[in-house]
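Here is the structure we will look at.
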Amino acid sequence: MEFHTPVLLTETIDLLDVQKNKIYIDGTLGHGGHTLEILKRGGIVYGVDQDPKNLEIATNRIKKAGFEKQFFPIHNNFNQLENIVNKNIKQKIDGLIIDLGLSQNQQTDQDRGFSFNDENSLDMRLDPENQELTAEEIINTYDYDQLFEIFSKYAQEVYSKPITLKIIRERQKKPIKTATRLANIVRDFYKERHIKSKIDPSTKIFLSLRIVVNDEFNNLKNFLVQSLRTVDKNSNVCIISFHSGEDRIVKQFIKEYSDQKVIIENKKPTKTSFQETKKNPLSRSATLRSYKIV
Ligand SMILES: C[S@@+](CC[C@H](N)C(=O)[O-])C[C@H]1O[C@@H](n2cnc3c(N)ncnc32)[C@H](O)[C@@H]1O
């Protein structure tokens, strides 16, 4: 299978300053792209992922590469960082990374509901075993105010009002059960109004639903606070984010704790190079911020 391409790999690993036999947590294991690089440099990695499928893919990949003795897979949410450390490691860790968002297979798989082309599902849960709320439930049962708030607050969709009204009209005809149908409803709205968009018009609606289904902003906030109590002094935390809402949370957190509890490692956030964006266009919106615990 084709593995997810890790973004800002060298930049992140350099900032982490990986050392032999030191302990790292990769809070978003994915397909293990960043983790493998830490393992190659002799680090010990506890790899956390909410998605059992990705956890299995990464674990098999890491075993095949011969690093299983240095690697411990954990099925959990990174918002449980402190519990994960207390239960499995019982000492402060030497570095922490999260690479937010979805892996390429999650974005394209049928049956997960993340892809505009998914004709089977409108699910969007990263961990179907432990989460109940789906995007399908939101789209078909939330009232006007709730949908409007989701689209405008989490994705700044400027047409939140008419799009919400259109979704409500459409769901009255027949429940909206697939990602494709939802994407087409939003695309039709743009077409009817002759509004041009460089990206797929449904991108923002999908992003906002994903954020709410997986409680992404709260997970990130909880993770950041817990990093202060779980990462050892002089060790680094790296966060790769993919949209302004996430990046704002990280930036504000660093600002709030700057100099008393953390020192910023890269004053100017690291962006992908021209070469990386050319090779992997999905990496173009990545932003890497890093801080050291003091
Ligand atoms: C962009 S991918 C990470 C890719 C990885 N760095 C690599 O190189 O293969 C994001 C991963 O984080 C997982 N994830 C997202 N939010 C999570 C959370 N709150 N807790 C644990 N895992 C999460 C997703 O399931 C996905 O596998």
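By convention here, the chains of the structure tokens are called A, B, ... in the order presented, each chain's residues are numbered starting at 1, and ligands are numbered starting at 1 in the order presented.
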
Could you give me the residues within 7 Å of ligand 1, counting only C-alpha atoms and all ligand atoms, as a compact mmCIF listing (two decimals) with C-alpha atoms, in the first residue's frame?
# COMPACT_ATOMS: atom_id res chain seq x y z
CA HIS A 4 1.13 8.79 3.89
CA THR A 5 3.94 11.20 2.98
CA PRO A 6 5.19 12.88 6.17
CA VAL A 7 5.37 16.67 5.92
CA GLY A 27 0.64 11.72 19.28
CA THR A 28 -0.56 11.33 15.68
CA LEU A 29 1.22 8.19 14.52
CA GLY A 30 -0.63 7.97 11.17
CA HIS A 31 1.50 5.69 8.99
CA GLY A 32 4.55 6.26 11.16
CA GLY A 33 6.46 8.57 8.79
CA HIS A 34 7.80 10.84 11.54
CA VAL A 48 -0.56 7.19 19.63
CA ASP A 49 -3.43 7.20 17.15
CA GLN A 50 -7.18 7.42 17.55
CA ASP A 51 -7.78 5.51 14.35
CA ASN A 54 -3.85 3.57 10.97
CA ASN A 76 -5.90 6.56 22.27
CA ASN A 77 -6.65 10.24 21.77
CA PHE A 78 -3.73 12.62 22.30
CA ASN A 79 -6.03 14.62 24.56
CA ASP A 99 1.02 16.28 13.01
CA LEU A 100 -2.63 17.27 12.87
CA GLY A 101 -5.35 16.48 10.36
CA LEU A 102 -5.86 13.38 8.32
CA SER A 103 -3.58 10.91 6.59
CA LEU A 126 -11.62 9.04 13.51
CA GLU A 216 -10.42 18.82 17.26
CA ASN A 219 -8.30 18.05 21.87

Just the residues within 10 Å of Lys204 (chain A), please, counting only C-alpha atoms, with nothing from its chain fewer than 3 positions along; format it as a PyMOL selection string.
chain A and resi 151-152+154-158+160+186+199-201+207-210

Output C-alpha atoms for every residue in the selection just made, as a tab-separated table (two decimals), in the first residue's frame.
chain	number	residue	atom	x	y	z
A	151	PHE	CA	-20.02	26.50	9.37
A	152	SER	CA	-19.29	30.10	10.31
A	154	TYR	CA	-15.09	26.65	12.54
A	155	ALA	CA	-14.49	27.36	8.86
A	156	GLN	CA	-15.47	31.01	8.33
A	157	GLU	CA	-17.73	30.00	5.43
A	158	VAL	CA	-19.08	33.38	4.27
A	160	SER	CA	-23.07	29.86	5.96
A	186	VAL	CA	-22.87	22.90	-1.59
A	199	ILE	CA	-10.90	25.00	-4.22
A	200	ASP	CA	-13.85	22.62	-4.11
A	201	PRO	CA	-16.73	24.76	-2.77
A	207	LEU	CA	-13.63	20.86	7.43
A	208	SER	CA	-16.02	22.38	9.96
A	209	LEU	CA	-17.95	19.12	10.33
A	210	ARG	CA	-14.74	17.14	10.84

List every residue of region 61-284 of chain A that DSSP, applied to the backbone of this structure, places in alpha helix (DSSP H), and write the result as a PyMOL selection string.
chain A and resi 61-64+81-88+104-108+135-141+144-155+160-173+179-192+203-213+216-230+244-257+274-279

Do a neighbour search on region 174-179 of chain A at 10 Å with only C-alpha atoms, toss out local chain neighbours closer than 5 positions, and write the hits as an NGL selection string.
:A and (110-124 or 135-137 or 139-141 or 167-169 or 184-185 or 202 or 206)

What lies within 12 Å of Val250 (chain A) using only C-alpha atoms, ignoring chain neighbours under 5 positions off, as a short mmCIF file (atom, residue, chain, number, x, y, z; two decimals) with C-alpha atoms, in the first residue's frame?
data_model
loop_
_atom_site.label_atom_id
_atom_site.label_comp_id
_atom_site.auth_asym_id
_atom_site.auth_seq_id
_atom_site.Cartn_x
_atom_site.Cartn_y
_atom_site.Cartn_z
CA ILE A 98 1.72 15.98 16.72
CA LEU A 100 -2.63 17.27 12.87
CA PHE A 217 -9.95 22.26 18.83
CA ASN A 218 -10.60 21.04 22.39
CA ASN A 219 -8.30 18.05 21.87
CA LEU A 220 -5.52 20.38 20.81
CA LYS A 221 -6.05 22.79 23.73
CA ASN A 222 -6.05 19.92 26.26
CA PHE A 223 -2.96 18.40 24.68
CA LEU A 224 -1.01 21.68 24.84
CA VAL A 225 -1.69 22.22 28.55
CA SER A 227 2.51 18.94 27.44
CA VAL A 237 7.35 19.89 21.50
CA CYS A 238 6.60 20.13 17.74
CA ILE A 239 3.17 20.82 16.31
CA ILE A 240 2.30 20.68 12.62
CA SER A 241 -1.06 22.23 11.82
CA PHE A 242 -2.96 22.66 8.56
CA HIS A 243 -5.41 25.48 9.03
CA SER A 244 -5.55 28.87 10.66
CA GLY A 245 -7.94 27.81 13.47
CA LYS A 255 2.29 33.40 23.80
CA GLU A 256 0.44 32.77 27.07
CA TYR A 257 3.17 30.57 28.57
CA SER A 258 6.21 32.19 26.93
CA ILE A 264 9.64 29.36 21.45
CA PRO A 269 6.84 29.31 12.05
CA THR A 287 2.81 25.17 9.60
CA LEU A 288 5.29 23.86 12.15
CA ARG A 289 5.64 25.54 15.55
CA SER A 290 7.93 24.32 18.28
CA TYR A 291 8.58 25.17 21.93
#

Could you check how far CA of Ile57 (chain A) sits from CA of Phe71 (chain A), in Å to one decimal?
13.6 Å

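Going from CA of Val18 (chain A) to CA of Ile38 (chain A) covers 6.4 Å.
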
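Using only C-alpha atoms, the shortest contact distance between Asp259 (chain A) and any of A:Arg229, A:Lys271, A:Lys292, A:Lys198 is found at A:Lys292.
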
Let's see if you can do this: from backbone DSSP, list all strand (DSSP E) residues in region 248-289 of chain A, as a PyMOL selection string.
chain A and resi 262-264+270-271+287-289

Just the number, please: distance in Å from CA of Lys40 (chain A) to CA of Leu55 (chain A), one decimal.
18.9 Å

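Compared by their closest atoms to Thr59 (chain A), and using only C-alpha atoms, the residues A:Ile13, A:Val231, A:Leu96, A:Ile74 rank with A:Ile74 nearest.
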